[in-house]
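Since the structure comes first, as structure tokens, the remarks are kept for the end.
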Amino acid sequence: MDTKKSVKNRKTRKVSNEVSELSESEKCFFKSSTNKREVGDGAPAENEIETTHPQMTPTMQDVEKPIQSLYLHIKIDLIFIALLLVALGTRLYNLQNPKYIVFDELHYGRYVTLYTKGVFFFDAHPPLGKQLLYLAGNVAGYEGNFTFDRIGSAYPESVPVRALRIVPAISGSLLVAISYQLMLEISTYQSTAILAAILVLFENSFLAQSRFMLLESIQILFGLWGILCTIKSTRKTGPASVIWLCIGALSLGCCFSVKYSGLYTYYLAIFLVGRQMWRRIGHTESGVRLAISTVWRLVVLVCIPLAVYVGVFYAHLAMLPKAGPHDSVMTSAFQASLKGGLASITRGQPLHVAHGSQITLRHSHGRTCWLHSHAHVYPVRYADGRGSSHQQQVTCYSFKDVNNWWIVKRADQASLAVSSPPDAVRHGEHVQLLHGITSRALNSHDVAAPVSPQSQEVSCYIDYNVSMPAQNLWRVEIVNRESDDATWDSIRSLVRLIHVDSGSALRFSGRQLPSWGFNQHEVVADKVVTHQDTIWNVEEHRYTKAEDRRERERELVSAEMIPTAATQLSFWAKFMELQYKMLTHAADAPQGHMFASEPVEWPLLVRSIAYWLSPNSNAQVHLIGNMITWYAGTLSVLLYGGLLAVYAIRRRRAHADLSPRAEQKFYDAGCILFLGYWLHYLPYFFMDRTLFLHHYLPAYIFKILLLAYVIDHIYYTICIHESKRSFTNIFILCITIWLAYVIITFQKFSVLSYGDTDLTETDLLNLRWKDTWDFILHKKN
């Protein structure tokens with residue numbers, strides 16, 4: 001009996017230790033469920049001694065005892081529901097106004113319209129967020145009959161404005177409630193979770209970003225929910241851990257399928273799971289079990305997000321079968337797979353390039369442009385004093401043009417008409433390329449290129465009767481050939497043109513020519529023949545029929561064919577090409593935008609963004625933060641960093657300032673919130689593109705939550721070091737006053753989030769707390 005009691009005591013202590021690791025809300029639930037024993041629940045009371053009997057004699061009570069059944073117990077967090085309802089009220093209020101195109105609704109509205117019509121478009125970010133906007137518009141009956149022409153254009157009645165804005169609004173509302181749930185997992189007190197949710201609720205930047213067709217609130221919601229599920233997985237065991245991690249991985253996949261900046265949240269989740277496994281290495285469990293635990297987590301975190309990402313693009317391509325205005329970004333083969341796209345040109349055109357073929361040569365990777373020439377020549381001397389060949393310019397031009405046509409010619413044949421059967425060009429053979437309009441041959445000399453002097457200049461040869469003979473032979477190298485005697489085919493063949501005399505390859509340099517070159521892109525002959533920018537493909541192709549030059553020119557000028565059917569390209573081929581183009585595509589936003597800002601300015605809210613200005617009044621919408629929360633959050637980042645350093649130094653000197661549980665909470669907050677902030681903020685310092693304040697919002701949500709935790713930690717520290725509650729009460733009073741200022745500031749600036757108030761000049765000046773904020777004033781007559 002003593003042995004049984006000692007075993008029971010050890011079990012009791014083990015349960016007690018496990019309970020101490022739970023959050024406060026879980027402890028309350030656990031305590032209430034263990035202290036109160038229902039009749040017939042099978043557990044002994046605290047003062048009962050459990051005995052065992054070889055035989056149990058049924059009693060009348062046992063006979064009358066009701067049969068146990070299966071029940072579903074549901075717990076509803078009323079605070080969660082209340083926060084969600086208040087958030088919905090602020091985000092959905094008057095959602096259809098202003099009935100004008102606001103900021104980037106210009107772009108996302110266009111994408112919704114193109115989805116509705118099934119017309120292909122290209123964007124540098126994944127399509128999930130745009131698909132959700134389209135889905136809401138489709139449910140509301142939007143037929144894609146509105147042209148999103150410019151910011152500030154009025155929406156007609158046929159556009160369901162409220163429906164198109166509903167997904168970001170609901171996402172922004174859920175963000176408040178999810179912030180509350182996440183802080184329940186991290187903080188010491190439930191009041192801290194409520195504080196964090198209130199700060200998110202009364203944040204003007206999140207309000208403005210949630211009320212229009214914008215994607216940040218959707219991305220942040222998926223990211224925060226994914227992090228919450230990942231944290232829950234690390235604190236569970238068995239099937240519960242697997243389920244939570246699967247849900248989290250699904251959400252994280254959705255996060256970076258909205259915008260690529262969601263990858264930073266994904267990396268944070270991987271770090272949290274890796275940290276969990278690292279800590280388990282020190283436990284006395286078998287290496288096999290640890291390896292299995294690591295592998296299944298890795299599989300979940302890789303496979304599920306990847307499946308979501310690929311599935312989103314599968315739907316994207318399936319929804320957009322028709323050719324559109326963005327086709328030229330993609331390769332010739334991709335365009336040819338769209339209905340009415342390049343198939344309008346390639347259908348019926350010859351396959352094999354032969355002597356006498358009229359072709360356009362397209363740069364195959366990165367920027368879309370075609371090999372181009374015109375009658376203008378290189379200047380005798382460049383701005384840096386170097387001399388040129390003064391030959392005819394050769395460039396890469398980003399638009400379809402008659403000067404993009406070239407004629408393939410064998411050096412030993414004078415006639416340009418295609419023979420019957422055609423004399424097909426094969427891998428390794430030498431050809432000349434005559435410019436279709438000027439009839440001058442593509443040429444290169446040992447002369448430095450105009451913008452890239454380390455490479456050779458490429459020109460069309462003009463015989464000036466000087467000691468510079470033509471060097472116009474080019475060797476055709478088919479990169480994707482199946483055999484060494486492969487024919488040069490239009491669309492499908494990827495070729496390098498190697499200058500025979502110098503061994504250099506025809507290359508798109510990526511540099512822009514000065515005004516004398518009409519700011520077109522430079523083409524050079526480069527010794528590095530394996531560079532990806534040396535690869536070209538024939539896009540348009542026809543056989544020369546006329547010997548007369550003027551007749552040939554008329555053929556080239558009038559070269560236009562009728563759309564017919566599309567060619568086939570597999571999903572994986574399209575998917576991989578689209579990924580490459582998105583990776584290499586330059587940002588659409590122009591340099592020097594009037595509302596652009598630098599990352600160093602974001603923590604101090606130096607700039608705002610004017611989203612919309614009413615054409616009839618001074619009502620306007622701005623992306624601007626709640627100054628009280630914004631600056632307090634920046635201070636909290638510095639304060640947490642300072643505390644982290646102090647605690648680390650004192651711990652190294654064997655001074656324990658915190659209890660083990662409080663210390664664990666502190667470092668958990670650092671790994672989730674402090675690291676999450678910097679992980680979403682620092683990468684923008686290394687981006688060479690135009691940036692705006694809304695790029696800071698994914699980092700800012702972590703900063704707000706960190707602010708709430710720092711307040712939590714200060715309160716906890718005061719409580720454990722103060723015998724009386726006087727200073728604690730003063731701290732609570734200060735936080736209450738500060739929170740009141742947060743709400744007052746939110747209400748004051750909400751007129752710039754809703755855009756429904758005609759502001760006077762005095763109103764705007766009163767709201768302009770910083771001289772760098774870009775407020776706009778209409779002068780009234």
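Just remember, in the structure tokens the first chain shown is A, the second B, etc., residues are 1-based per chain, and ligands are 1-based in the order shown.
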> Near Leu506 (chain A), counting only C-alpha atoms, which residues have an atom at most 8 Å away, once you skip same-chain residues fewer than 3 positions from it, shown as a ChimeraX atom specification?
Replying inline: /A:458,496-499,523-526,534
Can you write just those residues out, C-alpha atoms, as a compact mmCIF listing (two decimals), in the first residue's frame?
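result_37.txt, freshly written:
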# COMPACT_ATOMS: atom_id res chain seq x y z
CA VAL A 458 27.12 45.21 -82.16
CA ARG A 496 22.87 31.53 -79.07
CA LEU A 497 24.35 33.50 -81.96
CA ILE A 498 28.15 33.30 -81.72
CA HIS A 499 30.16 35.90 -83.63
CA VAL A 523 22.95 44.76 -77.30
CA VAL A 524 26.59 43.64 -77.16
CA ALA A 525 28.87 40.77 -78.14
CA ASP A 526 30.10 39.15 -74.93
CA THR A 534 22.73 35.38 -74.63
> Excluding same-chain residues fewer than 2 positions from region 420-426 of chain A, what lies within 6 Å of it counting only C-alpha atoms, as a ChimeraX atom specification?
Replying inline: /A:353-355,418,429,485-488
Output N, CA and C atoms for every residue in that selection, as a PDB file, in the first residue's frame.
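And here's selection_18.pdb as it stands now:
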ATOM      1  N   VAL A 353      13.523  27.341 -89.544  1.00  0.00           N
ATOM      2  CA  VAL A 353      14.168  28.546 -90.049  1.00  0.00           C
ATOM      3  C   VAL A 353      15.118  28.134 -91.176  1.00  0.00           C
ATOM      4  N   ALA A 354      15.014  28.826 -92.305  1.00  0.00           N
ATOM      5  CA  ALA A 354      15.800  28.451 -93.485  1.00  0.00           C
ATOM      6  C   ALA A 354      16.440  29.702 -94.090  1.00  0.00           C
ATOM      7  N   HIS A 355      17.296  29.479 -95.098  1.00  0.00           N
ATOM      8  CA  HIS A 355      17.824  30.604 -95.856  1.00  0.00           C
ATOM      9  C   HIS A 355      16.653  31.355 -96.488  1.00  0.00           C
ATOM     10  N   VAL A 418      13.112  31.978-100.512  1.00  0.00           N
ATOM     11  CA  VAL A 418      13.234  30.630 -99.951  1.00  0.00           C
ATOM     12  C   VAL A 418      13.061  29.612-101.071  1.00  0.00           C
ATOM     13  N   GLU A 429      25.730  25.783 -87.902  1.00  0.00           N
ATOM     14  CA  GLU A 429      25.944  26.391 -89.214  1.00  0.00           C
ATOM     15  C   GLU A 429      26.109  27.906 -89.093  1.00  0.00           C
ATOM     16  N   ASP A 485      22.501  17.637 -85.187  1.00  0.00           N
ATOM     17  CA  ASP A 485      22.033  18.092 -86.503  1.00  0.00           C
ATOM     18  C   ASP A 485      20.615  18.655 -86.426  1.00  0.00           C
ATOM     19  N   ALA A 486      20.235  19.123 -85.217  1.00  0.00           N
ATOM     20  CA  ALA A 486      18.886  19.656 -85.017  1.00  0.00           C
ATOM     21  C   ALA A 486      18.669  20.899 -85.871  1.00  0.00           C
ATOM     22  N   THR A 487      17.436  21.054 -86.346  1.00  0.00           N
ATOM     23  CA  THR A 487      17.090  22.239 -87.135  1.00  0.00           C
ATOM     24  C   THR A 487      16.722  23.396 -86.209  1.00  0.00           C
ATOM     25  N   TRP A 488      16.961  24.589 -86.703  1.00  0.00           N
ATOM     26  CA  TRP A 488      16.592  25.817 -85.980  1.00  0.00           C
ATOM     27  C   TRP A 488      15.098  26.049 -86.215  1.00  0.00           C
TER      28      TRP A 488
END
> Near region 509-518 of chain A, within 9 Å and counting only C-alpha atoms, which residues show up once chain neighbours fewer than 6 positions away are dropped, as a ChimeraX atom specification?
Replying inline: /A:367,376-379,393,395,450-452,524,526,533-534
> Given the choices A:Leu221, A:Ala177, A:Ala449, A:Val167, which gets closest to Arg381 (chain A) if the distance is worked out from only C-alpha atoms?
Replying inline: A:Ala449
> Please, which residues of region 467-563 of chain A, numbered as in this document, come out strand (DSSP E) from DSSP, as number ranges by chain?
Replying inline: A: 474-478, 495-499, 505-512, 521-526, 536-543
Those same residues - N, CA, C and O atoms - I'd like them written as a compact mmCIF listing (two decimals), in the first residue's frame.
# COMPACT_ATOMS: atom_id res chain seq x y z
N TRP A 474 27.67 34.65 -88.18
CA TRP A 474 27.25 34.22 -86.84
C TRP A 474 26.97 32.72 -86.86
O TRP A 474 26.34 32.22 -87.78
N ARG A 475 27.47 32.04 -85.87
CA ARG A 475 27.25 30.60 -85.75
C ARG A 475 26.01 30.34 -84.88
O ARG A 475 25.87 30.90 -83.78
N VAL A 476 25.14 29.48 -85.37
CA VAL A 476 23.89 29.17 -84.66
C VAL A 476 24.15 28.01 -83.70
O VAL A 476 24.52 26.90 -84.14
N GLU A 477 23.97 28.25 -82.41
CA GLU A 477 24.07 27.19 -81.40
C GLU A 477 22.71 27.00 -80.75
O GLU A 477 22.20 27.92 -80.09
N ILE A 478 22.12 25.84 -80.96
CA ILE A 478 20.79 25.55 -80.40
C ILE A 478 20.99 24.96 -79.01
O ILE A 478 21.52 23.85 -78.85
N VAL A 495 18.34 29.67 -78.90
CA VAL A 495 19.60 29.72 -79.64
C VAL A 495 20.54 30.78 -79.07
O VAL A 495 20.10 31.78 -78.49
N ARG A 496 21.84 30.52 -79.25
CA ARG A 496 22.87 31.53 -79.07
C ARG A 496 23.48 31.83 -80.44
O ARG A 496 23.73 30.91 -81.23
N LEU A 497 23.71 33.08 -80.72
CA LEU A 497 24.35 33.50 -81.96
C LEU A 497 25.78 33.90 -81.62
O LEU A 497 26.00 34.91 -80.93
N ILE A 498 26.74 33.10 -82.05
CA ILE A 498 28.15 33.30 -81.72
C ILE A 498 28.83 34.01 -82.88
O ILE A 498 28.80 33.53 -84.03
N HIS A 499 29.44 35.15 -82.60
CA HIS A 499 30.16 35.90 -83.63
C HIS A 499 31.41 35.10 -84.04
O HIS A 499 32.27 34.79 -83.20
N ALA A 505 29.26 36.08 -77.92
CA ALA A 505 27.84 35.77 -78.13
C ALA A 505 27.01 37.05 -78.13
O ALA A 505 27.29 37.99 -77.38
N LEU A 506 25.98 37.06 -78.98
CA LEU A 506 25.05 38.19 -79.02
C LEU A 506 24.28 38.21 -77.70
O LEU A 506 23.65 37.23 -77.32
N ARG A 507 24.36 39.36 -76.98
CA ARG A 507 23.81 39.40 -75.63
C ARG A 507 23.04 40.70 -75.37
O ARG A 507 23.46 41.78 -75.80
N PHE A 508 21.91 40.57 -74.67
CA PHE A 508 21.18 41.70 -74.09
C PHE A 508 21.90 42.09 -72.80
O PHE A 508 22.00 41.29 -71.87
N SER A 509 22.45 43.31 -72.75
CA SER A 509 23.28 43.69 -71.60
C SER A 509 22.48 44.13 -70.39
O SER A 509 22.99 44.17 -69.28
N GLY A 510 21.21 44.52 -70.60
CA GLY A 510 20.40 45.04 -69.49
C GLY A 510 20.60 46.51 -69.23
O GLY A 510 19.92 47.09 -68.38
N ARG A 511 21.52 47.16 -69.96
CA ARG A 511 21.79 48.58 -69.77
C ARG A 511 20.98 49.39 -70.78
O ARG A 511 20.67 48.93 -71.89
N GLN A 512 20.66 50.62 -70.42
CA GLN A 512 19.88 51.48 -71.29
C GLN A 512 20.79 52.47 -72.02
O GLN A 512 21.73 53.02 -71.43
N HIS A 521 17.43 49.46 -75.18
CA HIS A 521 18.39 48.66 -74.42
C HIS A 521 19.56 48.22 -75.30
O HIS A 521 19.40 47.91 -76.48
N GLU A 522 20.71 48.18 -74.66
CA GLU A 522 21.96 47.89 -75.36
C GLU A 522 22.06 46.40 -75.70
O GLU A 522 21.70 45.53 -74.92
N VAL A 523 22.60 46.11 -76.88
CA VAL A 523 22.95 44.76 -77.30
C VAL A 523 24.44 44.74 -77.56
O VAL A 523 24.99 45.64 -78.22
N VAL A 524 25.14 43.72 -77.04
CA VAL A 524 26.59 43.64 -77.16
C VAL A 524 26.99 42.25 -77.62
O VAL A 524 26.17 41.32 -77.69
N ALA A 525 28.28 42.08 -77.92
CA ALA A 525 28.87 40.77 -78.14
C ALA A 525 29.77 40.48 -76.95
O ALA A 525 30.72 41.23 -76.69
N ASP A 526 29.46 39.41 -76.22
CA ASP A 526 30.10 39.15 -74.93
C ASP A 526 30.90 37.85 -74.98
O ASP A 526 30.44 36.85 -75.52
N TRP A 536 18.21 33.52 -77.22
CA TRP A 536 17.17 34.15 -78.02
C TRP A 536 16.29 33.06 -78.62
O TRP A 536 16.67 31.89 -78.66
N ASN A 537 15.10 33.45 -79.06
CA ASN A 537 14.29 32.52 -79.82
C ASN A 537 13.52 33.27 -80.92
O ASN A 537 13.23 34.46 -80.78
N VAL A 538 13.25 32.55 -81.99
CA VAL A 538 12.48 33.13 -83.09
C VAL A 538 11.01 33.12 -82.69
O VAL A 538 10.46 32.08 -82.33
N GLU A 539 10.39 34.29 -82.76
CA GLU A 539 8.98 34.40 -82.39
C GLU A 539 8.09 34.42 -83.63
O GLU A 539 7.27 33.52 -83.83
N GLU A 540 8.23 35.43 -84.46
CA GLU A 540 7.45 35.50 -85.69
C GLU A 540 8.31 35.04 -86.86
O GLU A 540 9.51 35.33 -86.91
N HIS A 541 7.71 34.34 -87.79
CA HIS A 541 8.50 33.69 -88.84
C HIS A 541 7.66 33.56 -90.11
O HIS A 541 6.52 33.11 -90.07
N ARG A 542 8.27 33.95 -91.21
CA ARG A 542 7.65 33.76 -92.51
C ARG A 542 8.74 33.62 -93.55
O ARG A 542 9.88 34.04 -93.34
N TYR A 543 8.39 33.02 -94.67
CA TYR A 543 9.37 32.82 -95.74
C TYR A 543 9.32 33.98 -96.73
O TYR A 543 8.25 34.45 -97.09
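CA of Ala610 (chain A) is positioned 12.6 Å from CA of Gly625 (chain A).
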> Quick one: residues within 10 Å of region 642-654 of chain A, only C-alpha atoms counted, chain neighbours fewer than 4 positions away excluded, as a count of residues only?
Replying inline: 9
> If we count only C-alpha atoms, what is near Lys400 (chain A) at a cut-off of 9 Å, once residues fewer than 4 positions away on the same chain are taken out, given as a VMD selection string?
Replying inline: chain A and resid 369 to 370 404
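Nearest to Thr368 (chain A) of all the residues A:His107, A:Arg386, A:Lys770, A:Lys581 is A:Lys581, based on only C-alpha atoms.
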>> My list of candidates is A:Asp412, A:Ser467, A:Trp406, A:Leu135. Which is closest to Ser389 (chain A) when distances are computed with only C-alpha atoms?
In response: A:Ser467
>> Neighbouring residues of region 78-84 of chain A were defined as those with any atom within 12 Å, considering only C-alpha atoms; residues of the same chain fewer than 4 positions away were excluded. Please report them as an MDAnalysis selection string.
In response: chainID A and resid 88:92 169:184 190:191 193:202
> Nearest to Thr265 (chain A) among A:Val447, A:Leu290, A:Met594, A:Ala699, with distances taken over only C-alpha atoms: which residue is it?
Replying inline: A:Ala699
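Here the question is which of A:Tyr115, A:Tyr461, A:Tyr754, A:Tyr93 gets nearest to Leu433 (chain A) using only C-alpha atoms, and that residue is A:Tyr461.
Interatomic distance, CA of Gln131 (chain A) against CA of Asn97 (chain A): 22.6 Å.
Between CA of Gly366 (chain A) and CA of His352 (chain A) the separation is 25.4 Å.
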>> Taking only region 132-349 of chain A into account, list the residues labelled alpha helix (DSSP H) by DSSP (computed from the backbone), as a ChimeraX atom specification.
In response: /A:132-139,161-186,190-201,204-210,216-234,239-258,263-281,287-319,332-336,343-346
>> If we count only C-alpha atoms and set the cut-off at 12 Å, which residues sit around Tyr716 (chain A), ignoring sequence neighbours fewer than 3 positions away in its own chain? Please answer as an MDAnalysis selection string.
In response: chainID A and resid 187:189 192 657:659 661:663 665:666 709:713 719:722 728 731:732
File dump, residues just selected, C-alpha atoms, as a PDB file, in the first residue's frame:
ATOM      1  CA  SER A 187       1.532  36.690 -22.024  1.00  0.00           C
ATOM      2  CA  THR A 188       1.250  36.225 -18.280  1.00  0.00           C
ATOM      3  CA  TYR A 189      -2.178  37.811 -17.826  1.00  0.00           C
ATOM      4  CA  THR A 192      -2.540  41.694 -21.594  1.00  0.00           C
ATOM      5  CA  ASP A 657      15.998  38.071 -11.835  1.00  0.00           C
ATOM      6  CA  LEU A 658      12.986  36.045 -12.976  1.00  0.00           C
ATOM      7  CA  SER A 659      11.335  32.822 -11.959  1.00  0.00           C
ATOM      8  CA  ARG A 661       8.301  30.280 -15.752  1.00  0.00           C
ATOM      9  CA  ALA A 662       8.528  34.084 -16.130  1.00  0.00           C
ATOM     10  CA  GLU A 663      11.924  33.734 -17.759  1.00  0.00           C
ATOM     11  CA  LYS A 665       7.638  33.594 -21.052  1.00  0.00           C
ATOM     12  CA  PHE A 666      10.117  36.415 -21.607  1.00  0.00           C
ATOM     13  CA  TYR A 709       3.926  42.098 -23.709  1.00  0.00           C
ATOM     14  CA  VAL A 710       6.435  44.689 -22.446  1.00  0.00           C
ATOM     15  CA  ILE A 711       3.630  46.311 -20.437  1.00  0.00           C
ATOM     16  CA  ASP A 712       2.737  42.835 -19.154  1.00  0.00           C
ATOM     17  CA  HIS A 713       6.335  42.183 -18.149  1.00  0.00           C
ATOM     18  CA  CYS A 719       4.148  42.894  -8.607  1.00  0.00           C
ATOM     19  CA  ILE A 720       6.892  40.487  -7.560  1.00  0.00           C
ATOM     20  CA  HIS A 721       9.182  43.198  -6.174  1.00  0.00           C
ATOM     21  CA  GLU A 722       6.652  45.368  -4.324  1.00  0.00           C
ATOM     22  CA  THR A 728       1.198  48.864  -8.918  1.00  0.00           C
ATOM     23  CA  PHE A 731       1.220  51.916 -12.996  1.00  0.00           C
ATOM     24  CA  ILE A 732      -2.295  50.676 -13.796  1.00  0.00           C
TER      25      ILE A 732
END
